[in-house]
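Trainee: Structure file model_13.cif, mmCIF, C-alpha atoms, is pasted below:
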```
data_target
loop_
_atom_site.label_atom_id
_atom_site.label_comp_id
_atom_site.auth_asym_id
_atom_site.auth_seq_id
_atom_site.Cartn_x
_atom_site.Cartn_y
_atom_site.Cartn_z
CA MET A 22 -36.13 -2.60 -33.72
CA LEU A 23 -36.16 -1.70 -30.03
CA ARG A 24 -33.52 -4.33 -29.27
CA ASN A 25 -31.33 -3.10 -32.12
CA PHE A 26 -31.64 0.49 -30.91
CA LEU A 27 -30.78 -0.56 -27.34
CA ASN A 28 -27.79 -2.62 -28.47
CA LYS A 29 -26.50 0.26 -30.54
CA GLY A 30 -26.51 2.55 -27.49
CA ILE A 31 -24.89 -0.09 -25.31
CA TRP A 32 -22.26 -0.69 -27.99
CA TRP A 33 -21.26 2.97 -27.95
CA LEU A 34 -20.96 2.86 -24.15
CA ASN A 35 -18.90 -0.30 -24.53
CA LEU A 36 -16.51 1.47 -26.93
CA VAL A 37 -16.00 4.30 -24.44
CA ALA A 38 -15.43 1.91 -21.52
CA ALA A 39 -12.98 -0.21 -23.51
CA ALA A 40 -10.99 2.82 -24.73
CA THR A 41 -10.83 4.27 -21.20
CA LEU A 42 -9.66 0.94 -19.78
CA LEU A 43 -6.83 0.90 -22.32
CA LEU A 44 -5.79 4.38 -21.17
CA THR A 45 -5.42 3.20 -17.57
CA TYR A 46 -2.65 0.84 -18.69
CA LEU A 47 -0.47 3.87 -19.42
CA ALA A 48 -0.60 5.15 -15.82
CA PRO A 49 2.17 2.96 -14.31
CA GLY A 50 4.66 3.81 -17.06
CA ILE A 51 4.29 7.59 -17.26
CA SER A 52 5.31 9.80 -14.35
CA PRO A 53 2.59 12.17 -13.09
CA ILE A 54 5.29 14.84 -13.17
CA ASN A 55 5.13 14.65 -16.97
CA PHE A 56 1.37 14.15 -17.37
CA TRP A 57 -0.59 13.97 -14.14
CA PRO A 58 -4.15 13.22 -15.44
CA LEU A 59 -3.05 9.70 -16.41
CA ALA A 60 -2.44 8.98 -12.73
CA PHE A 61 -6.21 8.69 -12.30
CA GLY A 62 -5.89 5.40 -14.16
CA GLY A 63 -4.64 3.69 -11.03
CA LEU A 64 -7.73 4.81 -9.11
CA VAL A 65 -10.41 4.02 -11.69
CA TYR A 66 -8.94 0.78 -13.06
CA PRO A 67 -10.95 -1.55 -10.75
CA PHE A 68 -14.23 0.09 -11.73
CA LEU A 69 -13.46 0.09 -15.47
CA LEU A 70 -12.39 -3.54 -15.24
CA LEU A 71 -15.73 -4.45 -13.64
CA ILE A 72 -17.69 -2.46 -16.24
CA ASN A 73 -15.92 -4.22 -19.09
CA ILE A 74 -16.54 -7.62 -17.49
CA VAL A 75 -20.25 -6.73 -17.39
CA PHE A 76 -20.14 -5.88 -21.11
CA VAL A 77 -18.49 -9.23 -21.87
CA ILE A 78 -21.26 -11.05 -20.01
CA TYR A 79 -23.99 -8.96 -21.66
CA TRP A 80 -22.85 -9.72 -25.22
CA LEU A 81 -22.19 -13.37 -24.42
CA ILE A 82 -25.76 -13.81 -23.17
CA GLY A 83 -26.98 -12.49 -26.51
CA PHE A 84 -24.53 -14.68 -28.47
CA ASN A 85 -23.04 -11.51 -29.92
CA ALA A 86 -19.41 -11.44 -31.06
CA ARG A 87 -19.06 -7.90 -29.67
CA PHE A 88 -18.00 -9.47 -26.36
CA LEU A 89 -14.55 -9.84 -27.94
CA LEU A 90 -13.86 -6.08 -27.67
CA SER A 91 -13.90 -5.86 -23.87
CA LEU A 92 -12.40 -9.31 -23.51
CA LEU A 93 -9.45 -8.34 -25.70
CA CYS A 94 -8.96 -5.07 -23.77
CA ILE A 95 -8.92 -6.98 -20.48
CA ILE A 96 -6.35 -9.45 -21.84
CA LEU A 97 -4.15 -6.63 -23.16
CA GLY A 98 -3.99 -5.33 -19.58
CA TRP A 99 -2.86 -8.65 -18.13
CA LYS A 100 0.00 -6.96 -16.25
CA SER A 101 -2.42 -4.54 -14.59
CA LEU A 102 -4.79 -7.39 -13.74
CA ASN A 103 -1.93 -9.37 -12.17
CA SER A 104 -0.96 -6.35 -10.06
CA PHE A 105 -4.54 -5.74 -8.96
CA MET A 106 -5.60 -9.27 -8.11
CA ALA A 107 -3.87 -12.37 -6.71
CA LEU A 108 -5.29 -15.76 -7.65
CA ASN A 109 -2.85 -18.16 -6.03
CA ILE A 110 -4.82 -21.39 -5.99
CA ARG A 111 -1.73 -23.46 -5.36
CA THR A 112 1.45 -21.85 -4.05
CA GLU A 113 4.93 -23.22 -3.63
CA LYS A 114 5.44 -24.53 -0.10
CA VAL A 115 8.50 -22.90 1.42
CA GLU A 116 10.27 -25.12 3.93
CA VAL A 117 12.59 -23.57 6.51
CA ASP A 118 15.78 -25.27 7.66
CA PRO A 119 16.94 -23.38 10.79
CA LYS A 120 20.52 -24.56 10.19
CA LYS A 121 20.65 -23.06 6.71
CA ASP A 122 17.87 -20.50 6.30
CA ILE A 123 16.91 -17.16 7.82
CA SER A 124 13.20 -16.67 8.39
CA LEU A 125 11.63 -13.33 9.34
CA LYS A 126 8.03 -12.40 10.01
CA LEU A 127 7.17 -8.87 8.90
CA MET A 128 4.32 -6.53 9.72
CA THR A 129 3.41 -3.07 8.49
CA TYR A 130 0.59 -1.04 10.04
CA ASN A 131 -0.64 2.52 9.57
CA VAL A 132 -2.03 3.03 13.07
CA GLN A 133 -3.62 6.46 12.48
CA ASN A 134 -1.81 7.94 15.50
CA PHE A 135 -3.19 5.15 17.72
CA ASP A 136 -6.58 6.89 17.61
CA LEU A 137 -5.13 9.96 19.30
CA TYR A 138 -8.13 12.15 18.56
CA ASN A 139 -10.67 9.70 19.94
CA TRP A 140 -11.94 8.40 16.62
CA ASN A 141 -12.48 5.06 18.32
CA GLU A 142 -11.79 5.84 21.97
CA ASN A 143 -8.04 6.36 22.03
CA GLU A 144 -6.43 4.01 24.54
CA VAL A 145 -8.98 1.27 23.89
CA SER A 146 -8.13 1.26 20.17
CA ARG A 147 -4.40 1.42 20.93
CA ASN A 148 -4.68 -1.62 23.17
CA HIS A 149 -6.58 -3.55 20.48
CA MET A 150 -3.80 -2.73 18.00
CA MET A 151 -1.19 -3.92 20.48
CA ASP A 152 -3.15 -7.14 20.94
CA ILE A 153 -2.86 -7.77 17.19
CA ILE A 154 0.90 -7.18 17.38
CA GLU A 155 1.23 -9.52 20.36
CA ASN A 156 -0.76 -12.26 18.61
CA GLU A 157 1.17 -11.97 15.33
CA ASP A 158 4.55 -11.51 17.06
CA PRO A 159 6.50 -10.21 14.02
CA ASP A 160 10.29 -9.96 14.02
CA LEU A 161 10.18 -6.63 12.20
CA LEU A 162 7.38 -4.15 12.84
CA CYS A 163 6.80 -1.05 10.72
CA PHE A 164 4.51 1.81 11.67
CA GLN A 165 3.17 4.75 9.72
CA GLU A 166 1.39 7.63 11.49
CA PHE A 167 3.14 6.45 14.64
CA TYR A 168 2.54 8.52 17.77
CA TYR A 169 3.93 8.56 21.28
CA GLU A 170 4.16 10.98 24.17
CA ASN A 171 6.33 11.39 27.21
CA SER A 172 3.83 10.00 29.67
CA GLU A 173 3.44 6.63 31.30
CA ASP A 174 -0.05 6.21 29.87
CA PHE A 175 0.81 6.72 26.19
CA HIS A 176 4.55 6.22 25.79
CA ASN A 177 4.19 3.73 22.96
CA VAL A 178 7.94 3.35 22.46
CA LYS A 179 8.47 2.17 26.03
CA LEU A 180 5.45 -0.12 25.73
CA LEU A 181 6.82 -1.82 22.61
CA VAL A 182 10.31 -2.14 24.06
CA ASN A 183 9.49 -3.25 27.59
CA LYS A 184 6.31 -5.28 27.17
CA TYR A 185 6.59 -6.66 23.63
CA GLY A 186 10.35 -7.15 23.37
CA TYR A 187 11.25 -4.82 20.51
CA LYS A 188 14.62 -3.74 21.89
CA TYR A 189 15.87 -2.19 18.67
CA TYR A 190 14.11 0.65 16.91
CA HIS A 191 14.44 3.84 14.92
CA LEU A 192 12.00 6.71 14.54
CA ALA A 193 11.74 9.36 11.85
CA GLU A 194 9.87 12.21 13.51
CA THR A 195 7.82 14.41 11.21
CA TYR A 196 6.34 16.62 13.93
CA SER A 197 6.68 17.24 17.66
CA PHE A 198 4.85 19.44 20.13
CA LYS A 199 6.50 20.93 23.24
CA ASP A 200 8.93 18.00 23.42
CA THR A 201 6.14 15.86 24.83
CA HIS A 202 4.16 14.71 21.77
CA PHE A 203 5.79 13.07 18.74
CA TRP A 204 4.56 11.89 15.33
CA GLY A 205 6.30 10.03 12.52
CA VAL A 206 7.35 6.72 10.96
CA ALA A 207 8.91 3.92 12.99
CA LEU A 208 10.73 0.61 12.65
CA PHE A 209 10.90 -1.83 15.59
CA SER A 210 12.95 -5.02 15.55
CA LYS A 211 13.75 -8.04 17.70
CA HIS A 212 17.13 -8.22 15.97
CA PRO A 213 19.94 -5.66 16.14
CA LEU A 214 19.82 -2.70 13.76
CA GLU A 215 22.82 -0.95 12.22
CA ASP A 216 23.31 2.14 10.05
CA LYS A 217 19.94 3.56 11.05
CA ALA A 218 18.81 6.59 9.08
CA SER A 219 15.74 8.66 8.44
CA ILE A 220 14.45 8.99 4.87
CA GLU A 221 13.56 12.62 4.33
CA PHE A 222 11.51 13.83 1.39
CA GLU A 223 12.38 17.31 0.16
CA ASN A 224 8.82 17.88 -1.04
CA SER A 225 7.06 16.98 2.21
CA LYS A 226 7.28 17.86 5.90
CA THR A 227 4.62 15.39 7.01
CA ASN A 228 5.81 12.24 5.25
CA ALA A 229 9.04 10.31 5.71
CA GLY A 230 10.64 6.90 6.02
CA VAL A 231 13.14 4.85 8.00
CA LEU A 232 16.11 2.83 6.77
CA ALA A 233 18.23 0.36 8.74
CA ASP A 234 20.23 -2.84 8.32
CA VAL A 235 18.86 -5.70 10.40
CA ILE A 236 21.43 -8.29 11.54
CA VAL A 237 20.27 -11.89 11.82
CA GLU A 238 22.87 -14.56 12.57
CA GLY A 239 25.59 -12.26 11.27
CA LYS A 240 23.78 -11.66 7.95
CA LYS A 241 22.35 -8.30 6.91
CA LEU A 242 19.13 -7.24 5.23
CA ARG A 243 18.32 -3.63 4.45
CA VAL A 244 14.87 -2.69 5.74
CA MET A 245 12.94 0.38 4.67
CA THR A 246 9.54 1.55 5.76
CA VAL A 247 7.90 4.58 4.17
CA HIS A 248 4.80 6.70 4.37
CA LEU A 249 4.30 8.44 1.05
CA GLU A 250 2.28 11.56 0.35
CA SER A 251 -1.44 11.33 1.03
CA ILE A 252 -4.14 13.35 -0.76
CA LYS A 253 -4.90 15.15 2.50
CA LEU A 254 -8.65 15.31 1.96
CA GLY A 255 -10.46 17.25 4.68
CA SER A 256 -13.83 16.62 6.26
CA GLU A 257 -15.53 18.94 3.74
CA ASP A 258 -13.95 17.01 0.87
CA TYR A 259 -15.22 13.69 2.22
CA LYS A 260 -18.64 15.23 2.80
CA TYR A 261 -18.78 16.43 -0.81
CA LEU A 262 -17.67 13.05 -2.22
CA LYS A 263 -20.22 11.23 -0.09
CA ASN A 264 -23.07 13.42 -1.32
CA ILE A 265 -21.80 14.01 -4.85
CA GLY A 266 -24.94 12.67 -6.53
CA GLU A 267 -27.42 14.40 -4.25
CA LYS A 268 -26.94 18.07 -5.09
CA VAL A 269 -25.96 20.54 -7.78
CA THR A 270 -22.31 20.25 -8.78
CA ASP A 271 -20.05 22.31 -6.52
CA TRP A 272 -17.25 23.45 -8.84
CA ASP A 273 -15.17 24.95 -6.04
CA SER A 274 -15.16 21.65 -4.17
CA GLN A 275 -14.21 19.78 -7.34
CA LYS A 276 -11.34 22.16 -8.10
CA ASN A 277 -10.07 21.90 -4.54
CA ILE A 278 -10.06 18.08 -4.64
CA LEU A 279 -8.40 18.01 -8.08
CA LYS A 280 -5.69 20.38 -6.84
CA LYS A 281 -4.98 18.10 -3.90
CA LEU A 282 -4.92 15.02 -6.14
CA ARG A 283 -2.50 16.65 -8.56
CA SER A 284 -0.15 17.69 -5.75
CA ALA A 285 -0.21 14.19 -4.22
CA PHE A 286 0.42 12.50 -7.60
CA HIS A 287 3.44 14.74 -8.21
CA LYS A 288 4.93 14.33 -4.75
CA ARG A 289 4.51 10.55 -4.65
CA ALA A 290 6.21 10.23 -8.03
CA GLU A 291 9.24 12.17 -6.77
CA GLN A 292 9.29 10.16 -3.54
CA ALA A 293 9.04 6.87 -5.42
CA ASP A 294 11.96 7.84 -7.69
CA TYR A 295 14.04 8.64 -4.61
CA ILE A 296 13.19 5.35 -2.86
CA ASN A 297 14.01 3.45 -6.04
CA SER A 298 17.46 5.05 -6.07
CA LEU A 299 18.02 3.95 -2.45
CA ILE A 300 17.02 0.39 -3.36
CA ALA A 301 19.43 0.39 -6.30
CA ARG A 302 22.33 1.47 -4.06
CA SER A 303 21.73 -1.12 -1.34
CA PRO A 304 24.61 -3.61 -0.83
CA PHE A 305 22.20 -6.03 0.89
CA PRO A 306 18.86 -7.66 -0.03
CA VAL A 307 16.04 -5.17 0.50
CA LEU A 308 12.74 -5.31 2.34
CA LEU A 309 10.43 -2.37 1.62
CA MET A 310 7.20 -1.94 3.57
CA GLY A 311 4.70 0.76 4.26
CA ASP A 312 1.79 2.92 3.24
CA PHE A 313 2.39 4.01 -0.36
CA ASN A 314 -0.96 5.84 -0.58
CA ASP A 315 -1.28 4.56 -4.14
CA THR A 316 -2.64 1.51 -5.92
CA ALA A 317 -0.73 -1.30 -7.59
CA ASN A 318 -1.59 0.18 -11.00
CA SER A 319 0.26 3.42 -10.33
CA TYR A 320 3.60 4.92 -11.26
CA THR A 321 4.46 5.03 -7.54
CA TYR A 322 4.05 1.32 -6.99
CA ARG A 323 5.58 0.14 -10.28
CA THR A 324 8.66 2.31 -9.73
CA MET A 325 9.42 1.00 -6.24
CA ALA A 326 8.44 -2.60 -7.00
CA GLU A 327 10.48 -2.68 -10.20
CA ASN A 328 13.14 -5.05 -8.84
CA LEU A 329 11.25 -6.43 -5.85
CA GLN A 330 8.49 -9.01 -5.39
CA ASP A 331 5.12 -8.22 -3.87
CA ALA A 332 4.36 -10.62 -1.00
CA PHE A 333 0.61 -10.37 -1.58
CA LEU A 334 0.88 -11.19 -5.28
CA GLN A 335 3.19 -14.11 -4.55
CA VAL A 336 0.96 -16.00 -2.11
CA GLY A 337 -2.16 -13.90 -1.48
CA TRP A 338 -5.73 -14.15 -2.75
CA GLY A 339 -8.27 -11.66 -4.10
CA THR A 340 -7.86 -7.90 -4.30
CA GLY A 341 -6.38 -7.47 -0.81
CA GLY A 342 -7.77 -4.03 0.00
CA THR A 343 -5.86 -2.52 2.94
CA TYR A 344 -7.57 0.86 3.21
CA ALA A 345 -10.41 0.90 5.71
CA GLY A 346 -11.39 4.55 5.41
CA PRO A 347 -14.52 6.25 4.04
CA LEU A 348 -13.68 5.77 0.34
CA PRO A 349 -13.76 2.40 -1.49
CA SER A 350 -11.16 -0.07 -0.28
CA PHE A 351 -7.89 0.00 -2.20
CA ARG A 352 -4.65 -1.91 -1.70
CA ILE A 353 -2.22 0.83 -0.72
CA ASP A 354 -0.12 -0.90 1.98
CA TYR A 355 2.62 -3.24 0.81
CA ILE A 356 5.36 -5.67 1.76
CA LEU A 357 7.96 -5.89 -1.02
CA ALA A 358 10.95 -8.25 -0.83
CA ASP A 359 14.18 -8.77 -2.71
CA GLN A 360 14.01 -11.28 -5.55
CA SER A 361 16.58 -13.47 -3.77
CA LEU A 362 14.13 -14.11 -0.92
CA LYS A 363 11.21 -16.54 -0.72
CA VAL A 364 7.74 -15.48 0.40
CA LYS A 365 6.28 -18.12 2.69
CA ASP A 366 2.93 -16.53 3.58
CA PHE A 367 0.86 -13.35 3.57
CA LYS A 368 -1.97 -12.22 5.83
CA LEU A 369 -4.42 -9.32 5.72
CA ILE A 370 -5.89 -8.70 9.18
CA LYS A 371 -9.34 -7.17 8.72
CA LYS A 372 -9.77 -5.58 12.12
CA LYS A 373 -10.76 -1.94 11.90
CA TYR A 374 -9.03 -0.06 14.70
CA SER A 375 -7.38 2.35 12.25
CA ASP A 376 -8.23 3.52 8.74
CA HIS A 377 -5.77 0.88 7.48
CA TYR A 378 -5.65 -2.86 8.00
CA PRO A 379 -2.34 -4.37 9.13
CA ILE A 380 -0.61 -6.91 6.88
CA THR A 381 2.00 -9.55 7.67
CA SER A 382 4.29 -11.81 5.67
CA THR A 383 7.01 -14.35 6.42
CA ILE A 384 10.05 -14.22 4.16
CA VAL A 385 12.82 -16.84 3.96
CA TRP A 386 16.41 -16.27 2.93
CA LYS A 387 17.40 -19.70 1.68
CA ASP A 388 20.90 -21.02 2.49
CA ALA A 389 21.90 -17.67 3.99
CA LEU A 390 23.71 -19.31 6.92
CA ILE A 391 25.95 -21.53 4.81
CA ARG A 392 27.16 -18.88 2.36
#
```
If you convert what's in this file into structure tokens, what do you get?
Mentor:
Amino acid sequence: MLRNFLNKGIWWLNLVAAATLLLTYLAPGISPINFWPLAFGGLVYPFLLLINIVFVIYWLIGFNARFLLSLLCIILGWKSLNSFMALNIRTEKVEVDPKKDISLKLMTYNVQNFDLYNWNENEVSRNHMMDIIENEDPDLLCFQEFYYENSEDFHNVKLLVNKYGYKYYHLAETYSFKDTHFWGVALFSKHPLEDKASIEFENSKTNAGVLADVIVEGKKLRVMTVHLESIKLGSEDYKYLKNIGEKVTDWDSQKNILKKLRSAFHKRAEQADYINSLIARSPFPVLLMGDFNDTANSYTYRTMAENLQDAFLQVGWGTGGTYAGPLPSFRIDYILADQSLKVKDFKLIKKKYSDHYPITSTIVWKDALIR
């Protein structure tokens, strides 16, 4: 009787978990502008997936056919599972013929202002980040939360140009102070850049992007790097989330966080729609990189990745979390490539000098030089 009573309670919990998991599958297809609560699906999907896997195991151990409920719900969300996790046991080996093919190594890195405010000792952290860049030696280098100042000690543009050989670059400044301190999004390249432009978002003064055509052996690729709207949680918000189970519910804190989440969901949806329109109008194959501030099971990601391939999903492994901040690790930094290109490799560099990990990928444009 006790076992039957326990199983009945667990079954009801299972029903709730299964139904909620199914709801998360709606998040990528419905804009938060139309119904913003569904956007939470992208954030809670990993946890609901894990809970349903636990239910499958529980019922299987008891030889109970109820395991089929959660198993079926997981299978129905195969597209979400494929976006969340890469299980590339054997990947296609991409050979490069220098006489026929164009090969480019890409890197995107949210550098958190190069530790400007001494989170990890400023110049020391900046130098560690530059060491990563020097070791990886990408052809195209994208930065979010880029910072430089007009001083010999911290003029990061001059450092990248003169020491690391990135002669071509474009910056989209989101803020400056006294013409000496500058913040924004940046693209650096070892190949010439043409038609450089800044991507401005009407709904944000602190987020932006960069667009340019990179010229390699006379062929052009359109490169975009973006930093989409963040939730902008403050120290009090993080403090509340960290201690959420240790004190009486603080309704004001909850309302404040929900308001910030709603605003970020809305703004990212608008920004994603705009980026998607830029991709659609490109006359050249597109490379899109950056900090999307959203998961792979979100409207933001699905909209921008609609006609592109995700380098991590093509050749990566695991869940690939790129966020290194105080909340659970999510994959919110991406390298997306045109379908006409081949993804040779992908790398997540787990060195915590910022609140994001850098990622790299090598893409190959087959037969580009003989067309």
Trainee: Once the PyMOL selection byres ((chain A and resi 284) around 10) is applied to the coordinates I shared, what remains selected? I want it as a VMD selection string.
Mentor: chain A and resid 53 to 54 57 250 to 253 278 to 283 285 to 289
Trainee: Could you check the closest approach to Met310 (chain A) for each of A:Gly30, A:Pro119, A:Gly341, A:Pro379 and tell me which residue wins, using only C-alpha atoms?
Mentor: A:Pro379
Trainee: I need the output of the PyMOL selection byres ((chain A and resi 59) around 9) for this file as a PyMOL selection string; which residues are they?
Mentor: chain A and resi 44-45+47-49+51-53+56-58+60-63
Trainee: Neighbouring residues of Ala233 (chain A) were defined as those with any atom within 9 Å, considering only C-alpha atoms; residues of the same chain fewer than 3 positions away were excluded. Please report them as a list in words.
Mentor: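 Everything that qualifies: His191, Leu208, Leu214, Glu215, Asp216, Lys217, Ala218, Ser219, Leu242, Arg243, Val244 and Met245 of chain A.
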Trainee: Have a look at CA of Gly337 (chain A) and CA of Lys365 (chain A) and let me know their distance in Å, one decimal.
Mentor: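 Straight-line distance from CA of Gly337 (chain A) to CA of Lys365 (chain A) works out to 10.3 Å.
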Trainee: Counting only C-alpha atoms, which of A:Ile74, A:Leu34, A:Ile391, A:Val364 gets nearest to Leu127 (chain A)?
Mentor: A:Val364
Trainee: Using the chain letters and numbering of this document, enumerate as a ChimeraX atom specification the residues selected by the PyMOL selection byres ((chain A and resi 363) around 12).
Mentor: /A:112-117,122-126,306,308,329-332,335-336,357-362,364-367,382-389
Trainee: Take the residues that were just selected and, keeping C-alpha atoms, output them as a compact mmCIF listing (two decimals), keeping the file's coordinate frame.
Mentor:
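Saved to result.txt:
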```txt
# COMPACT_ATOMS: atom_id res chain seq x y z
CA THR A 112 1.45 -21.85 -4.05
CA GLU A 113 4.93 -23.22 -3.63
CA LYS A 114 5.44 -24.53 -0.10
CA VAL A 115 8.50 -22.90 1.42
CA GLU A 116 10.27 -25.12 3.93
CA VAL A 117 12.59 -23.57 6.51
CA ASP A 122 17.87 -20.50 6.30
CA ILE A 123 16.91 -17.16 7.82
CA SER A 124 13.20 -16.67 8.39
CA LEU A 125 11.63 -13.33 9.34
CA LYS A 126 8.03 -12.40 10.01
CA PRO A 306 18.86 -7.66 -0.03
CA LEU A 308 12.74 -5.31 2.34
CA LEU A 329 11.25 -6.43 -5.85
CA GLN A 330 8.49 -9.01 -5.39
CA ASP A 331 5.12 -8.22 -3.87
CA ALA A 332 4.36 -10.62 -1.00
CA GLN A 335 3.19 -14.11 -4.55
CA VAL A 336 0.96 -16.00 -2.11
CA LEU A 357 7.96 -5.89 -1.02
CA ALA A 358 10.95 -8.25 -0.83
CA ASP A 359 14.18 -8.77 -2.71
CA GLN A 360 14.01 -11.28 -5.55
CA SER A 361 16.58 -13.47 -3.77
CA LEU A 362 14.13 -14.11 -0.92
CA VAL A 364 7.74 -15.48 0.40
CA LYS A 365 6.28 -18.12 2.69
CA ASP A 366 2.93 -16.53 3.58
CA PHE A 367 0.86 -13.35 3.57
CA SER A 382 4.29 -11.81 5.67
CA THR A 383 7.01 -14.35 6.42
CA ILE A 384 10.05 -14.22 4.16
CA VAL A 385 12.82 -16.84 3.96
CA TRP A 386 16.41 -16.27 2.93
CA LYS A 387 17.40 -19.70 1.68
CA ASP A 388 20.90 -21.02 2.49
CA ALA A 389 21.90 -17.67 3.99
```
Trainee: As a list of chain:residue names, please: the residues near Pro213 (chain A) (cut-off 10 Å, only C-alpha atoms, same-chain neighbours under 2 positions excluded).
Mentor: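 With the cut-off at 10 Å, the set is A:Tyr187, A:Lys188, A:Tyr189, A:Tyr190, A:Phe209, A:Ser210, A:Lys211, A:Glu215, A:Ala233, A:Asp234, A:Val235, A:Ile236, A:Val237, A:Gly239, A:Lys241.
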Trainee: Just want the 12 Å neighbourhood of Asn35 (chain A), counted on all atoms listed in the file, with same-chain residues fewer than 2 positions away dropped. Output as JSON, numbers by chain.
Mentor: {"A": [28, 29, 30, 31, 32, 33, 37, 38, 39, 40, 41, 42, 69, 70, 72, 73, 74, 75, 76, 77, 78, 79, 80, 87, 88, 89, 90, 91, 92, 94]}
Trainee: Go ahead and dump the residues you just picked, C-alpha atoms, as a PDB file, in the coordinates of the input.
Mentor:
```pdb
ATOM      1  CA  ASN A  28     -27.790  -2.620 -28.470  1.00  0.00           C
ATOM      2  CA  LYS A  29     -26.500   0.260 -30.540  1.00  0.00           C
ATOM      3  CA  GLY A  30     -26.510   2.550 -27.490  1.00  0.00           C
ATOM      4  CA  ILE A  31     -24.890  -0.090 -25.310  1.00  0.00           C
ATOM      5  CA  TRP A  32     -22.260  -0.690 -27.990  1.00  0.00           C
ATOM      6  CA  TRP A  33     -21.260   2.970 -27.950  1.00  0.00           C
ATOM      7  CA  VAL A  37     -16.000   4.300 -24.440  1.00  0.00           C
ATOM      8  CA  ALA A  38     -15.430   1.910 -21.520  1.00  0.00           C
ATOM      9  CA  ALA A  39     -12.980  -0.210 -23.510  1.00  0.00           C
ATOM     10  CA  ALA A  40     -10.990   2.820 -24.730  1.00  0.00           C
ATOM     11  CA  THR A  41     -10.830   4.270 -21.200  1.00  0.00           C
ATOM     12  CA  LEU A  42      -9.660   0.940 -19.780  1.00  0.00           C
ATOM     13  CA  LEU A  69     -13.460   0.090 -15.470  1.00  0.00           C
ATOM     14  CA  LEU A  70     -12.390  -3.540 -15.240  1.00  0.00           C
ATOM     15  CA  ILE A  72     -17.690  -2.460 -16.240  1.00  0.00           C
ATOM     16  CA  ASN A  73     -15.920  -4.220 -19.090  1.00  0.00           C
ATOM     17  CA  ILE A  74     -16.540  -7.620 -17.490  1.00  0.00           C
ATOM     18  CA  VAL A  75     -20.250  -6.730 -17.390  1.00  0.00           C
ATOM     19  CA  PHE A  76     -20.140  -5.880 -21.110  1.00  0.00           C
ATOM     20  CA  VAL A  77     -18.490  -9.230 -21.870  1.00  0.00           C
ATOM     21  CA  ILE A  78     -21.260 -11.050 -20.010  1.00  0.00           C
ATOM     22  CA  TYR A  79     -23.990  -8.960 -21.660  1.00  0.00           C
ATOM     23  CA  TRP A  80     -22.850  -9.720 -25.220  1.00  0.00           C
ATOM     24  CA  ARG A  87     -19.060  -7.900 -29.670  1.00  0.00           C
ATOM     25  CA  PHE A  88     -18.000  -9.470 -26.360  1.00  0.00           C
ATOM     26  CA  LEU A  89     -14.550  -9.840 -27.940  1.00  0.00           C
ATOM     27  CA  LEU A  90     -13.860  -6.080 -27.670  1.00  0.00           C
ATOM     28  CA  SER A  91     -13.900  -5.860 -23.870  1.00  0.00           C
ATOM     29  CA  LEU A  92     -12.400  -9.310 -23.510  1.00  0.00           C
ATOM     30  CA  CYS A  94      -8.960  -5.070 -23.770  1.00  0.00           C
TER      31      CYS A  94
END
```
Trainee: May I ask which of the residues A:Arg111, A:Thr340, A:Tyr374, A:Leu249 is the closest one to Met151 (chain A), counting only C-alpha atoms?
Mentor: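 Counting only C-alpha atoms, the residue closest to Met151 (chain A) is A:Tyr374.
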Trainee: At what distance in Å, to one decimal, does CA of Cys163 (chain A) lie from CA of Thr129 (chain A)?
Mentor: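 Between CA of Thr129 (chain A) and CA of Cys163 (chain A) the gap works out to 4.5 Å.
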Trainee: Please, which residues are within 10 Å of (-8.0, 2.1, 13.7) by the file's coordinates, counting only C-alpha atoms, and could they come as a ChimeraX atom specification?
Mentor: /A:130-136,140-143,146-147,149-150,345-346,372-379
Trainee: Select, from A:Asn25, A:Ser104, A:Asn177, A:Gln165, the residue with the minimum atom-to-atom distance to Glu144 (chain A), counting only C-alpha atoms.
Mentor: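 Among A:Asn25, A:Ser104, A:Asn177, A:Gln165, it is A:Asn177 that comes nearest to Glu144 (chain A).
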Trainee: Rounded to one decimal in Å, what is the spacing between CA of Leu108 (chain A) and CA of Ile296 (chain A)?
Mentor: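 Answer for the CA of Leu108 (chain A) to CA of Ile296 (chain A) separation: 28.5 Å.
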Trainee: Excluding region 297-301 of chain A and any residue of its chain fewer than 5 positions from it, enumerate the residues within 7 Å of it, using all atoms listed in the file, and give them as number ranges by chain.
Mentor: A: 307, 324-325
Trainee: Would you mind telling me which residue in A:Leu97, A:Ala290, A:Leu180, A:Leu43 lies nearest to Asp315 (chain A) when using only C-alpha atoms?
Mentor: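 Comparing A:Leu97, A:Ala290, A:Leu180, A:Leu43 against Asp315 (chain A), the winner is A:Ala290.
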Trainee: Which is closer to Thr381 (chain A) than all the others in A:Glu238, A:Glu221, A:Asp354, A:Asp174, using only C-alpha atoms?
Mentor: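 Of all the options, A:Asp354 lies closest to Thr381 (chain A).
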